[in-house]
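Novice: See coords_18.txt below, with compact mmCIF, C-alpha atoms and all ligand atoms.
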```txt
# COMPACT_ATOMS: atom_id res chain seq x y z
CA MET A 1 -24.54 -34.11 -18.75
CA ILE A 2 -21.65 -32.71 -20.77
CA GLU A 3 -19.56 -35.73 -21.57
CA HIS A 4 -16.46 -34.09 -22.86
CA LYS A 5 -15.93 -31.49 -20.10
CA PHE A 6 -12.70 -32.00 -18.15
CA ASN A 7 -13.85 -33.77 -14.99
CA ASP A 8 -11.25 -32.28 -12.70
CA ASP A 9 -7.85 -30.60 -12.51
CA ALA A 10 -6.09 -33.94 -12.99
CA ALA A 11 -7.80 -34.36 -16.38
CA VAL A 12 -6.63 -30.91 -17.51
CA ILE A 13 -3.06 -31.67 -16.37
CA ALA A 14 -3.08 -35.07 -18.10
CA PHE A 15 -4.26 -33.41 -21.33
CA VAL A 16 -1.44 -30.86 -21.19
CA ARG A 17 1.18 -33.48 -20.36
CA ARG A 18 -0.02 -35.68 -23.23
CA HIS A 19 0.39 -32.94 -25.81
CA THR A 20 3.26 -30.70 -24.67
CA ARG A 21 6.74 -31.19 -23.32
CA LEU A 22 6.86 -27.97 -21.36
CA PHE A 23 6.89 -29.55 -17.91
CA ALA A 24 9.26 -32.03 -16.30
CA GLU A 25 7.65 -35.35 -15.34
CA ASP A 26 8.05 -34.66 -11.64
CA ALA A 27 6.84 -31.04 -11.84
CA VAL A 28 3.94 -30.29 -9.50
CA LEU A 29 1.30 -28.51 -11.59
CA LYS A 30 -1.50 -26.26 -10.45
CA VAL A 31 -4.72 -25.59 -12.37
CA SER A 32 -6.84 -22.46 -12.02
CA GLU A 33 -9.98 -21.64 -13.97
CA ILE A 34 -9.40 -18.05 -15.08
CA GLY A 35 -12.12 -17.53 -17.70
CA ASP A 36 -13.95 -14.24 -17.25
CA GLY A 37 -15.42 -14.15 -20.76
CA ASN A 38 -18.99 -14.86 -21.75
CA ILE A 39 -18.65 -18.11 -23.61
CA ASN A 40 -15.93 -20.65 -22.69
CA PHE A 41 -13.88 -22.21 -19.89
CA VAL A 42 -10.24 -21.16 -19.63
CA TYR A 43 -7.67 -22.88 -17.43
CA ARG A 44 -4.13 -21.90 -16.57
CA VAL A 45 -1.83 -24.86 -15.91
CA ALA A 46 1.31 -23.69 -14.15
CA GLU A 47 4.33 -24.97 -12.33
CA PRO A 48 4.54 -22.45 -9.46
CA GLY A 49 7.46 -20.16 -10.26
CA GLY A 50 7.96 -21.87 -13.62
CA ALA A 51 6.32 -22.43 -17.01
CA SER A 52 2.59 -22.17 -17.68
CA VAL A 53 0.10 -22.74 -20.50
CA ILE A 54 -3.53 -21.93 -21.18
CA VAL A 55 -6.18 -24.55 -21.97
CA LYS A 56 -9.35 -23.17 -23.52
CA GLN A 57 -12.32 -25.49 -23.72
CA ALA A 58 -15.59 -24.89 -25.51
CA LEU A 59 -18.78 -26.42 -24.15
CA PRO A 60 -21.84 -26.84 -26.36
CA TYR A 61 -23.54 -23.76 -24.93
CA VAL A 62 -22.88 -20.13 -23.94
CA ARG A 63 -21.20 -20.13 -20.54
CA ILE A 64 -22.99 -17.10 -19.05
CA ILE A 65 -26.42 -18.32 -20.18
CA GLY A 66 -26.15 -22.10 -19.78
CA GLU A 67 -27.62 -24.97 -21.79
CA GLY A 68 -30.58 -22.78 -22.83
CA TRP A 69 -28.30 -21.16 -25.44
CA PRO A 70 -26.64 -24.02 -27.39
CA LEU A 71 -23.52 -23.25 -29.38
CA SER A 72 -21.51 -25.32 -31.85
CA LEU A 73 -18.20 -26.73 -30.62
CA ASP A 74 -16.76 -26.01 -34.06
CA ARG A 75 -15.97 -22.52 -32.75
CA ASN A 76 -12.99 -24.04 -30.99
CA ARG A 77 -11.56 -25.43 -34.27
CA ILE A 78 -12.19 -22.05 -35.88
CA GLU A 79 -10.34 -20.28 -33.08
CA ALA A 80 -7.35 -22.65 -33.31
CA GLU A 81 -7.15 -22.38 -37.11
CA ALA A 82 -7.60 -18.60 -37.06
CA LEU A 83 -4.77 -18.23 -34.53
CA VAL A 84 -2.47 -20.33 -36.70
CA LEU A 85 -3.37 -18.37 -39.82
CA GLU A 86 -2.99 -15.01 -38.07
CA ALA A 87 0.42 -16.14 -36.83
CA GLU A 88 1.57 -16.60 -40.45
CA HIS A 89 1.10 -12.89 -41.13
CA ALA A 90 1.18 -11.24 -37.71
CA GLY A 91 3.02 -13.73 -35.48
CA ASP A 92 4.26 -11.13 -32.99
CA TRP A 93 0.73 -10.29 -31.95
CA VAL A 94 -0.98 -13.62 -31.30
CA PRO A 95 -0.39 -16.39 -28.75
CA GLU A 96 1.20 -19.55 -30.11
CA VAL A 97 -1.06 -22.60 -30.45
CA TYR A 98 0.61 -25.76 -29.08
CA HIS A 99 -2.22 -28.24 -29.68
CA TYR A 100 -5.86 -28.43 -30.75
CA GLU A 101 -7.99 -31.45 -29.96
CA GLN A 102 -11.30 -31.75 -31.74
CA PRO A 103 -13.01 -34.44 -29.55
CA LEU A 104 -12.42 -32.35 -26.41
CA ALA A 105 -12.97 -29.02 -28.18
CA ALA A 106 -9.86 -27.79 -26.40
CA ILE A 107 -6.82 -25.72 -27.36
CA ILE A 108 -3.50 -25.58 -25.53
CA MET A 109 -1.80 -22.27 -26.15
CA GLN A 110 0.82 -19.84 -24.95
CA ASP A 111 0.04 -18.12 -21.65
CA VAL A 112 0.09 -14.33 -21.96
CA GLY A 113 -0.49 -13.93 -18.23
CA ASP A 114 2.42 -11.49 -17.95
CA HIS A 115 0.26 -9.11 -20.04
CA GLN A 116 -2.69 -7.06 -18.79
CA ASN A 117 -6.13 -7.11 -20.35
CA LEU A 118 -6.46 -3.98 -22.48
CA ARG A 119 -9.88 -3.10 -21.06
CA HIS A 120 -8.43 -2.98 -17.55
CA ALA A 121 -5.38 -1.08 -18.80
CA LEU A 122 -7.57 1.57 -20.46
CA ILE A 123 -9.75 1.92 -17.38
CA ALA A 124 -6.58 2.39 -15.31
CA ARG A 125 -5.38 4.99 -17.87
CA ARG A 126 -2.20 3.12 -18.65
CA HIS A 127 -0.25 4.72 -21.47
CA LEU A 128 0.79 2.13 -24.04
CA PRO A 129 3.19 3.69 -26.51
CA GLN A 130 3.10 0.90 -29.09
CA LEU A 131 -0.50 -0.23 -28.88
CA ALA A 132 -1.90 1.66 -31.88
CA GLU A 133 0.98 0.65 -34.13
CA HIS A 134 0.74 -3.02 -33.16
CA LEU A 135 -3.01 -3.18 -33.65
CA GLY A 136 -2.94 -1.19 -36.89
CA LEU A 137 -0.34 -3.55 -38.33
CA PHE A 138 -2.06 -6.65 -36.96
CA MET A 139 -5.30 -5.74 -38.71
CA ALA A 140 -3.70 -4.58 -41.96
CA ARG A 141 -1.67 -7.77 -42.37
CA THR A 142 -4.22 -10.36 -41.26
CA LEU A 143 -6.99 -8.73 -43.31
CA PHE A 144 -4.99 -8.01 -46.46
CA HIS A 145 -3.43 -11.48 -46.64
CA THR A 146 -6.81 -13.23 -46.44
CA SER A 147 -8.47 -11.01 -49.05
CA ASP A 148 -8.96 -11.45 -52.81
CA MET A 149 -6.14 -8.97 -53.33
CA ARG A 150 -3.65 -11.52 -52.02
CA LEU A 151 -5.20 -14.97 -52.45
CA ASP A 152 -6.04 -16.67 -55.70
CA ALA A 153 -9.63 -17.56 -56.46
CA HIS A 154 -9.47 -21.15 -55.17
CA GLN A 155 -7.43 -20.42 -52.05
CA LYS A 156 -9.92 -17.72 -51.07
CA LYS A 157 -12.99 -19.90 -51.54
CA ASP A 158 -11.36 -22.81 -49.68
CA LEU A 159 -10.69 -20.52 -46.75
CA VAL A 160 -14.19 -19.08 -46.82
CA LYS A 161 -15.49 -22.68 -46.53
CA ARG A 162 -13.19 -23.48 -43.61
CA PHE A 163 -14.38 -20.44 -41.71
CA ILE A 164 -18.13 -20.77 -42.11
CA ASN A 165 -19.16 -19.93 -38.54
CA PRO A 166 -22.97 -19.73 -38.40
CA ASP A 167 -23.59 -19.94 -34.64
CA LEU A 168 -21.12 -17.26 -33.69
CA CYS A 169 -22.12 -15.02 -36.59
CA LYS A 170 -25.74 -15.36 -35.45
CA ILE A 171 -24.77 -14.04 -32.01
CA THR A 172 -23.29 -10.95 -33.65
CA GLU A 173 -26.19 -10.59 -36.08
CA ASP A 174 -28.60 -10.50 -33.14
CA LEU A 175 -26.60 -8.68 -30.48
CA PHE A 176 -25.23 -5.94 -32.76
CA PHE A 177 -27.99 -5.33 -35.24
CA ILE A 178 -31.32 -6.44 -33.73
CA ASP A 179 -31.58 -6.35 -29.93
CA PRO A 180 -30.33 -2.81 -29.20
CA PHE A 181 -32.74 -1.34 -31.76
CA CYS A 182 -35.91 -2.77 -30.20
CA ASP A 183 -37.30 -3.52 -26.77
CA HIS A 184 -35.66 -6.93 -26.58
CA GLU A 185 -35.68 -9.08 -23.44
CA ARG A 186 -31.93 -9.67 -23.72
CA ASN A 187 -31.17 -5.96 -23.41
CA ALA A 188 -29.84 -4.55 -20.13
CA ILE A 189 -30.65 -0.86 -19.73
CA ASN A 190 -29.75 1.50 -16.91
CA PRO A 191 -33.21 2.83 -15.84
CA PRO A 192 -32.46 6.58 -16.27
CA LEU A 193 -31.28 5.82 -19.82
CA LEU A 194 -34.53 4.19 -20.88
CA PRO A 195 -36.03 7.28 -22.61
CA VAL A 196 -32.88 7.64 -24.74
CA ALA A 197 -33.05 3.95 -25.70
CA GLN A 198 -36.74 4.27 -26.51
CA ALA A 199 -36.01 7.17 -28.86
CA LEU A 200 -33.51 4.95 -30.72
CA TRP A 201 -36.13 2.25 -31.13
CA GLN A 202 -38.40 4.79 -32.88
CA ASP A 203 -35.69 6.01 -35.22
CA ASP A 204 -36.46 4.41 -38.59
CA LEU A 205 -33.76 6.27 -40.48
CA LEU A 206 -31.17 4.96 -38.05
CA LYS A 207 -32.58 1.46 -38.36
CA ALA A 208 -32.33 1.68 -42.16
CA GLU A 209 -28.59 2.41 -41.83
CA VAL A 210 -28.19 -0.41 -39.30
CA ALA A 211 -29.93 -2.73 -41.79
CA GLU A 212 -27.34 -1.64 -44.39
CA LEU A 213 -24.50 -2.51 -42.01
CA LYS A 214 -26.08 -5.83 -41.10
CA TYR A 215 -26.49 -6.69 -44.77
CA ALA A 216 -22.78 -6.00 -45.28
CA PHE A 217 -21.96 -8.22 -42.27
CA LEU A 218 -24.11 -11.00 -43.74
CA ASN A 219 -22.87 -10.83 -47.32
CA ARG A 220 -19.49 -9.20 -47.82
CA ALA A 221 -16.84 -11.93 -47.54
CA GLU A 222 -13.89 -9.52 -47.93
CA ALA A 223 -11.33 -11.07 -45.59
CA LEU A 224 -10.95 -13.38 -42.59
CA LEU A 225 -11.98 -11.22 -39.66
CA HIS A 226 -11.04 -11.72 -36.04
CA GLY A 227 -14.75 -11.10 -35.57
CA ASP A 228 -14.75 -9.98 -31.90
CA LEU A 229 -11.98 -7.42 -31.70
CA HIS A 230 -12.87 -5.61 -28.49
CA SER A 231 -10.55 -4.45 -25.69
CA GLY A 232 -11.22 -7.65 -23.71
CA SER A 233 -9.72 -9.72 -26.56
CA ILE A 234 -6.37 -7.89 -26.33
CA PHE A 235 -3.54 -8.26 -23.79
CA VAL A 236 -0.78 -5.71 -23.39
CA THR A 237 2.52 -4.70 -21.84
CA GLU A 238 4.49 -1.52 -22.55
CA ASN A 239 5.99 -3.04 -25.66
CA SER A 240 3.97 -6.13 -26.48
CA THR A 241 0.41 -6.69 -27.69
CA LYS A 242 -1.36 -10.04 -28.04
CA VAL A 243 -4.72 -10.48 -29.73
CA ILE A 244 -6.56 -13.55 -28.44
CA ASP A 245 -9.91 -15.22 -28.86
CA PRO A 246 -10.78 -15.26 -32.59
CA GLU A 247 -13.62 -17.78 -32.18
CA PHE A 248 -15.94 -15.39 -34.04
CA ALA A 249 -13.64 -15.47 -37.09
CA TYR A 250 -15.38 -15.62 -40.47
CA PHE A 251 -15.11 -13.92 -43.85
CA GLY A 252 -16.80 -10.55 -43.54
CA PRO A 253 -16.36 -6.81 -44.16
CA ILE A 254 -12.91 -5.54 -43.17
CA GLY A 255 -14.42 -2.48 -41.48
CA PHE A 256 -16.08 -4.70 -38.89
CA ASP A 257 -12.75 -5.47 -37.18
CA VAL A 258 -11.43 -1.92 -37.51
CA GLY A 259 -14.76 -0.49 -36.32
CA SER A 260 -15.01 -2.82 -33.30
CA LEU A 261 -11.65 -1.57 -32.11
CA ILE A 262 -12.46 2.10 -32.73
CA GLY A 263 -15.75 1.56 -30.90
CA ASN A 264 -13.95 0.17 -27.88
CA LEU A 265 -11.54 3.11 -27.63
CA LEU A 266 -14.56 5.40 -27.83
CA LEU A 267 -16.45 3.45 -25.15
CA ASN A 268 -13.56 4.16 -22.82
CA TRP A 269 -13.56 7.82 -23.93
CA CYS A 270 -17.26 8.06 -23.01
CA GLY A 271 -16.89 6.19 -19.71
CA GLN A 272 -13.92 8.25 -18.52
CA HIS A 273 -16.01 11.39 -18.95
CA ARG A 274 -18.02 10.50 -15.86
CA LEU A 275 -15.49 8.58 -13.77
CA ALA A 276 -14.69 10.05 -10.38
CA GLY A 277 -11.27 11.69 -9.91
CA ASP A 278 -9.21 14.60 -11.07
CA GLU A 279 -10.83 16.27 -14.09
CA ALA A 280 -7.60 17.46 -15.70
CA GLU A 281 -6.14 13.95 -15.55
CA ARG A 282 -9.30 12.50 -16.99
CA GLU A 283 -9.37 14.94 -19.88
CA ALA A 284 -5.69 14.43 -20.62
CA TRP A 285 -6.40 10.70 -20.82
CA ARG A 286 -9.34 11.25 -23.15
CA ASP A 287 -7.11 13.35 -25.43
CA TRP A 288 -4.56 10.51 -25.39
CA LEU A 289 -7.29 8.14 -26.53
CA LEU A 290 -8.12 10.36 -29.51
CA VAL A 291 -4.46 10.46 -30.46
CA GLN A 292 -4.43 6.63 -30.34
CA LEU A 293 -7.43 6.58 -32.63
CA GLU A 294 -5.54 8.70 -35.15
CA LYS A 295 -2.44 6.53 -34.85
CA LEU A 296 -4.46 3.34 -35.20
CA TRP A 297 -6.01 4.45 -38.46
CA HIS A 298 -2.70 5.89 -39.64
CA HIS A 299 -0.82 2.61 -39.14
CA PHE A 300 -3.66 0.49 -40.49
CA SER A 301 -4.22 2.57 -43.62
CA GLN A 302 -0.50 3.08 -44.37
CA GLU A 303 0.23 -0.63 -44.11
CA PHE A 304 -2.92 -1.76 -45.89
CA GLY A 305 -2.21 0.79 -48.66
CA ARG A 306 1.39 -0.41 -48.98
CA LEU A 307 0.30 -4.05 -49.17
CA MET A 308 -2.32 -3.20 -51.80
CA ARG A 309 0.29 -1.38 -53.91
CA GLU A 310 3.11 -3.90 -53.52
CA ASP A 311 1.47 -7.30 -52.96
CA THR A 312 -1.83 -7.38 -54.83
CA ARG A 313 -1.72 -10.37 -57.17
CA ASP A 314 -4.86 -9.97 -59.24
CA PRO A 315 -3.94 -7.47 -62.02
CA SER A 316 -7.47 -6.12 -62.17
CA LEU A 317 -7.20 -5.09 -58.50
CA GLN A 318 -3.82 -3.37 -58.95
CA ASN A 319 -5.55 -0.19 -60.09
CA GLU A 320 -4.44 2.69 -57.85
CA HIS A 321 -7.71 4.62 -58.08
CA TRP A 322 -9.72 1.58 -57.11
CA GLN A 323 -7.34 0.89 -54.21
CA GLN A 324 -7.82 4.40 -52.85
CA ARG A 325 -11.58 4.01 -53.16
CA ARG A 326 -11.37 0.67 -51.32
CA LEU A 327 -9.57 2.26 -48.38
CA LEU A 328 -12.17 5.02 -48.17
CA HIS A 329 -14.89 2.40 -48.23
CA ILE A 330 -13.22 0.52 -45.34
CA TRP A 331 -13.05 3.81 -43.41
CA HIS A 332 -16.78 4.48 -43.86
CA ASP A 333 -17.67 0.90 -42.89
CA SER A 334 -15.40 1.14 -39.84
CA LEU A 335 -17.21 4.23 -38.59
CA GLY A 336 -20.59 2.55 -39.03
CA PHE A 337 -19.56 -0.64 -37.24
CA ALA A 338 -17.91 1.42 -34.48
CA GLY A 339 -21.32 3.05 -34.02
CA THR A 340 -23.06 -0.32 -33.63
CA GLU A 341 -20.42 -1.46 -31.11
CA LEU A 342 -21.01 1.69 -29.03
CA ILE A 343 -24.75 1.16 -29.01
CA ARG A 344 -24.82 -2.58 -28.38
CA ARG A 345 -22.32 -2.34 -25.49
CA THR A 346 -24.45 0.36 -23.85
CA ILE A 347 -27.96 -1.09 -23.99
CA GLY A 348 -27.56 -4.65 -25.32
CA LEU A 349 -26.78 -7.93 -23.54
CA ALA A 350 -22.98 -7.71 -23.31
CA HIS A 351 -21.89 -4.54 -21.51
CA VAL A 352 -18.38 -3.26 -20.87
CA ALA A 353 -16.72 -2.28 -17.62
CA ASP A 354 -15.63 1.07 -19.16
CA LEU A 355 -19.25 2.20 -18.63
CA ASP A 356 -20.58 -0.26 -16.04
CA MET A 357 -17.96 0.68 -13.48
CA ILE A 358 -19.39 4.19 -13.04
CA GLU A 359 -21.12 3.61 -9.73
CA ASP A 360 -23.61 6.45 -9.67
CA GLU A 361 -26.50 5.50 -11.92
CA GLN A 362 -27.20 9.10 -13.05
CA GLN A 363 -23.55 9.76 -13.87
CA ARG A 364 -23.41 6.44 -15.69
CA ALA A 365 -26.52 7.33 -17.68
CA GLN A 366 -24.80 10.54 -18.86
CA ALA A 367 -21.77 8.65 -20.13
CA GLU A 368 -24.07 6.05 -21.69
CA ALA A 369 -26.19 8.73 -23.39
CA MET A 370 -22.97 10.09 -24.86
CA ALA A 371 -22.08 6.61 -26.18
CA LEU A 372 -25.51 6.21 -27.75
CA HIS A 373 -25.41 9.65 -29.29
CA LEU A 374 -21.91 9.14 -30.67
CA GLY A 375 -22.89 5.69 -31.94
CA ARG A 376 -25.88 7.13 -33.77
CA GLU A 377 -23.83 9.95 -35.32
CA LEU A 378 -21.18 7.52 -36.54
CA ILE A 379 -23.76 5.30 -38.19
CA MET A 380 -25.73 8.16 -39.76
CA GLU A 381 -22.80 10.35 -40.82
CA ARG A 382 -20.25 7.70 -41.74
CA THR A 383 -20.17 8.37 -45.47
CA ARG A 384 -19.90 12.14 -44.88
CA ILE A 385 -16.87 11.85 -42.59
CA SER A 386 -14.01 11.75 -45.04
CA SER A 387 -11.00 11.87 -42.73
CA MET A 388 -9.74 11.32 -39.20
CA GLU A 389 -9.88 15.12 -38.65
CA GLY A 390 -13.59 14.97 -39.49
CA LEU A 391 -14.08 12.19 -36.95
CA VAL A 392 -12.19 14.00 -34.20
CA ASP A 393 -14.22 17.19 -34.91
CA LEU A 394 -17.44 15.25 -34.54
CA ILE A 395 -16.28 13.69 -31.27
CA CYS A 396 -15.14 17.04 -29.86
CA GLN A 397 -18.43 18.76 -30.75
CA LEU A 398 -20.21 16.08 -28.79
CA ASN A 399 -18.04 16.81 -25.78
CA ASP A 400 -18.99 20.51 -25.68
C1 LIG B 1 -23.35 -14.24 -25.57
S1 LIG B 1 -21.85 -13.68 -26.11
C2 LIG B 1 -21.79 -11.98 -25.85
C3 LIG B 1 -20.61 -11.32 -26.40
O1 LIG B 1 -19.42 -11.89 -25.87
C4 LIG B 1 -18.47 -12.10 -26.91
O2 LIG B 1 -17.20 -11.76 -26.53
C5 LIG B 1 -18.97 -11.29 -28.08
O3 LIG B 1 -18.55 -9.94 -28.04
C6 LIG B 1 -20.44 -11.42 -27.90
O4 LIG B 1 -21.16 -10.45 -28.61
MG MG B 2 -14.43 -13.68 -26.46
```
Re-express the file's structure as structure tokens.
Ligand code: SR1
Ligand code: MG
Specialist:
Amino acid sequence: MIEHKFNDDAAVIAFVRRHTRLFAEDAVLKVSEIGDGNINFVYRVAEPGGASVIVKQALPYVRIIGEGWPLSLDRNRIEAEALVLEAEHAGDWVPEVYHYEQPLAAIIMQDVGDHQNLRHALIARRHLPQLAEHLGLFMARTLFHTSDMRLDAHQKKDLVKRFINPDLCKITEDLFFIDPFCDHERNAINPPLLPVAQALWQDDLLKAEVAELKYAFLNRAEALLHGDLHSGSIFVTENSTKVIDPEFAYFGPIGFDVGSLIGNLLLNWCGQHRLAGDEAEREAWRDWLLVQLEKLWHHFSQEFGRLMREDTRDPSLQNEHWQQRRLLHIWHDSLGFAGTELIRRTIGLAHVADLDMIEDEQQRAQAEAMALHLGRELIMERTRISSMEGLVDLICQLND
């Protein structure tokens, strides 16, 4: 029996009324459970035709698995605190937190229901003119301002302590770096793709590089990451972008966030290759995605570079040569982590609709094989790809 779960809609409404003043006393409120993620329960509380808020509640286990996979409730505190911290540096791009309540492991936050989930938007080939700029700036600012370049020694260590997140990190450690590279029972593999997956499991050189990336994930406390920056964690309109769901936040390698996002654009690029419909339209969309990739890195690296030059506090880190090297290092890490995201979303536990929605299993296997191949190349070649042009060349060769 889970004692702290909201018993019914009335309990959710009472919680919201207790901690916000958004609704008039006589307003008739409606609750709907709208969570489609893997882990938590998410409720929308709305006055029909009027205001609304989101209540996100963590239970002490993974939602899609049940009580057999216990999970610390502290993730909910981490999410609330990460949202507040992100808002200090990138307030335009995160929902506002109205209240966090530790005993209920619940957050009341701004409803971004007028936005569309980015994964659905990409599948529908919706052009989003400001997406790459918003996400590039979001990452540059949140990551720079929580790094040793900006914080003093004590501030940084205090924050690292606050964001120790062992349960959620363990999910990533397993789902990104272990399961997809062996015949693990949690994997979900499209039958025609099995021989390609089996070849990966035999590939010791690839596994050595994955071990390198995992070791970085385990040990390199460079900045406070969002930690789960995939298309499903982003909501969009034409001119607005909101990044939600930082419950995986912890201090890790900056390239993990950048790479997760690159990986998700590339998953869509692979999936669209085999989606039914007009080929010219599909290819035009895939070209648009590559342009977004370029823009994303452009905005991220320009802003991160500017912040390093203008706002680095530690004099020993103000060295221009070192700063350029740092950016190149982030680029190489990003490519490697993008590769692991491509692979784990294709044959691991948590798939993505960009690939899963291809109905024909053979067609799907072709798009999936492309994702695995691209993932492998990114991991293996990451330190030899020195620029965005190099990345786009590699991707285009794969398409031929
Ligand atoms: C059991 S959790 C599976 C995945 O869902 C989350 O959103 C993370 O991406 C995690 O890897
Ligand atoms: Mg999530």
Novice: Taking only C-alpha atoms and all ligand atoms into account, list the residues no farther than 7 Å from ligand LIG 1 (chain B), as a list of chain:residue names.
Specialist: A:Gly37, A:Asn38, A:Ile39, A:Val62, A:Ile171, A:Thr172, A:Leu175, A:Asp228, A:Leu349, A:Ala350
Novice: Taking only C-alpha atoms and all ligand atoms into account, list the residues no farther than 9 Å from ligand MG 2 (chain B), as a list in words.
Specialist: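 After applying the 9 Å limit, what remains is Gly37, Asn38, Ile39, Asn40, Asp228, Leu229, His230, Gly232, Ser233, Ile244, Asp245, Pro246, Glu247 and Phe248 of chain A.
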Novice: Counting all atoms listed in the file, what is within 12 Å of range 63-74 of chain A, bar same-chain residues fewer than 6 positions away, as a ChimeraX atom specification?
Specialist: /A:1-2,4-5,35-42,56-57,80-81,100-107,162-171,186,247-249,349-350
Novice: Hey, can you check how far CA of Phe6 in chain A sits from CA of Val112 in chain A?
Specialist: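 Between CA of Phe6 in chain A and CA of Val112 in chain A the gap is 22.1 Å.
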Novice: Residues within 10 Å of Thr312 in chain A, please, as a PDB file with C-alpha atoms, in the frame of the given file. Count all atoms listed in the file; anything in the same chain fewer than 6 positions from it doesn't count.
Specialist:
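Wrote selection26.pdb, looks like this:
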```pdb
ATOM      1  CA  PHE A 144      -4.990  -8.010 -46.460  1.00  0.00           C
ATOM      2  CA  HIS A 145      -3.430 -11.480 -46.640  1.00  0.00           C
ATOM      3  CA  SER A 147      -8.470 -11.010 -49.050  1.00  0.00           C
ATOM      4  CA  ASP A 148      -8.960 -11.450 -52.810  1.00  0.00           C
ATOM      5  CA  MET A 149      -6.140  -8.970 -53.330  1.00  0.00           C
ATOM      6  CA  ARG A 150      -3.650 -11.520 -52.020  1.00  0.00           C
ATOM      7  CA  LEU A 151      -5.200 -14.970 -52.450  1.00  0.00           C
ATOM      8  CA  ARG A 306       1.390  -0.410 -48.980  1.00  0.00           C
ATOM      9  CA  GLN A 318      -3.820  -3.370 -58.950  1.00  0.00           C
ATOM     10  CA  ASN A 319      -5.550  -0.190 -60.090  1.00  0.00           C
ATOM     11  CA  GLN A 323      -7.340   0.890 -54.210  1.00  0.00           C
TER      12      GLN A 323
END
```
Novice: Give me, as an MDAnalysis selection string, all polymer residues having an atom no more than 9 Å from Tyr43 in chain A, counting all atoms listed in the file and skipping those fewer than 5 positions away in the same chain.
Specialist: chainID A and resid 12 31:35 53:57
Novice: So the first atom is CA of Pro180 in chain A and the second is CA of Val291 in chain A; what is the distance between them in Å, to one decimal place?
Specialist: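 So the two atoms, CA of Pro180 in chain A and CA of Val291 in chain A, lie 29.1 Å apart.
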Novice: For Thr20 in chain A, find every residue with an atom within 10 Å (counting only C-alpha atoms), except residues of its own chain fewer than 6 positions away, and show them as a ChimeraX atom specification.
Specialist: /A:53,98-99,108-109
Novice: Restricting the calculation to only C-alpha atoms: of A:Thr383, A:Ile343, A:Arg313, A:Val236, which residue gets closest to Leu122 in chain A?
Specialist: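 Using only C-alpha atoms, the shortest distance to Leu122 in chain A belongs to A:Val236.
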Novice: Between CA of Glu377 in chain A and CA of Ile262 in chain A, measure the distance and give it in Å to one decimal.
Specialist: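 Interatomic distance, CA of Glu377 in chain A to CA of Ile262 in chain A: 14.1 Å.
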Novice: Restricting the calculation to only C-alpha atoms: of A:Gly375, A:Leu137, A:Asp393, A:Gln362, which residue gets closest to Pro191 in chain A?
Specialist: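 Residue with the minimum atom-to-atom distance to Pro191 in chain A: A:Gln362.
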Novice: Which polymer residues have any atom within 9 Å of an atom of Glu361 in chain A, counting all atoms listed in the file, with same-chain residues fewer than 4 positions away left out, as a ChimeraX atom specification?
Specialist: /A:190-192,365-366
Novice: Calculated over all atoms listed in the file, which of the candidates A:Leu296, A:Leu267, A:Ala216, A:Leu372 has the smallest distance to Ile189 in chain A?
Specialist: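 So, comparing all the options, the nearest one is A:Leu372.
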Novice: So, counting only C-alpha atoms, which residue among A:Arg44, A:His299, A:Arg119, A:His351 is closest to Asp9 in chain A?
Specialist: A:Arg44
Novice: Which of these residues is nearest to Val392 in chain A, using all atoms listed in the file: A:Ala371, A:Leu289, A:Arg364, A:Val45?
Specialist: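 Checking each candidate against Val392 in chain A, we get A:Leu289 as the closest.
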Novice: Nearest to Glu212 in chain A: which of A:Arg17, A:Gly336, A:Ala87, A:Val352 is it, counting all atoms listed in the file?
Specialist: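 Between A:Arg17, A:Gly336, A:Ala87, A:Val352, the residue approaching Glu212 in chain A most closely is A:Gly336.
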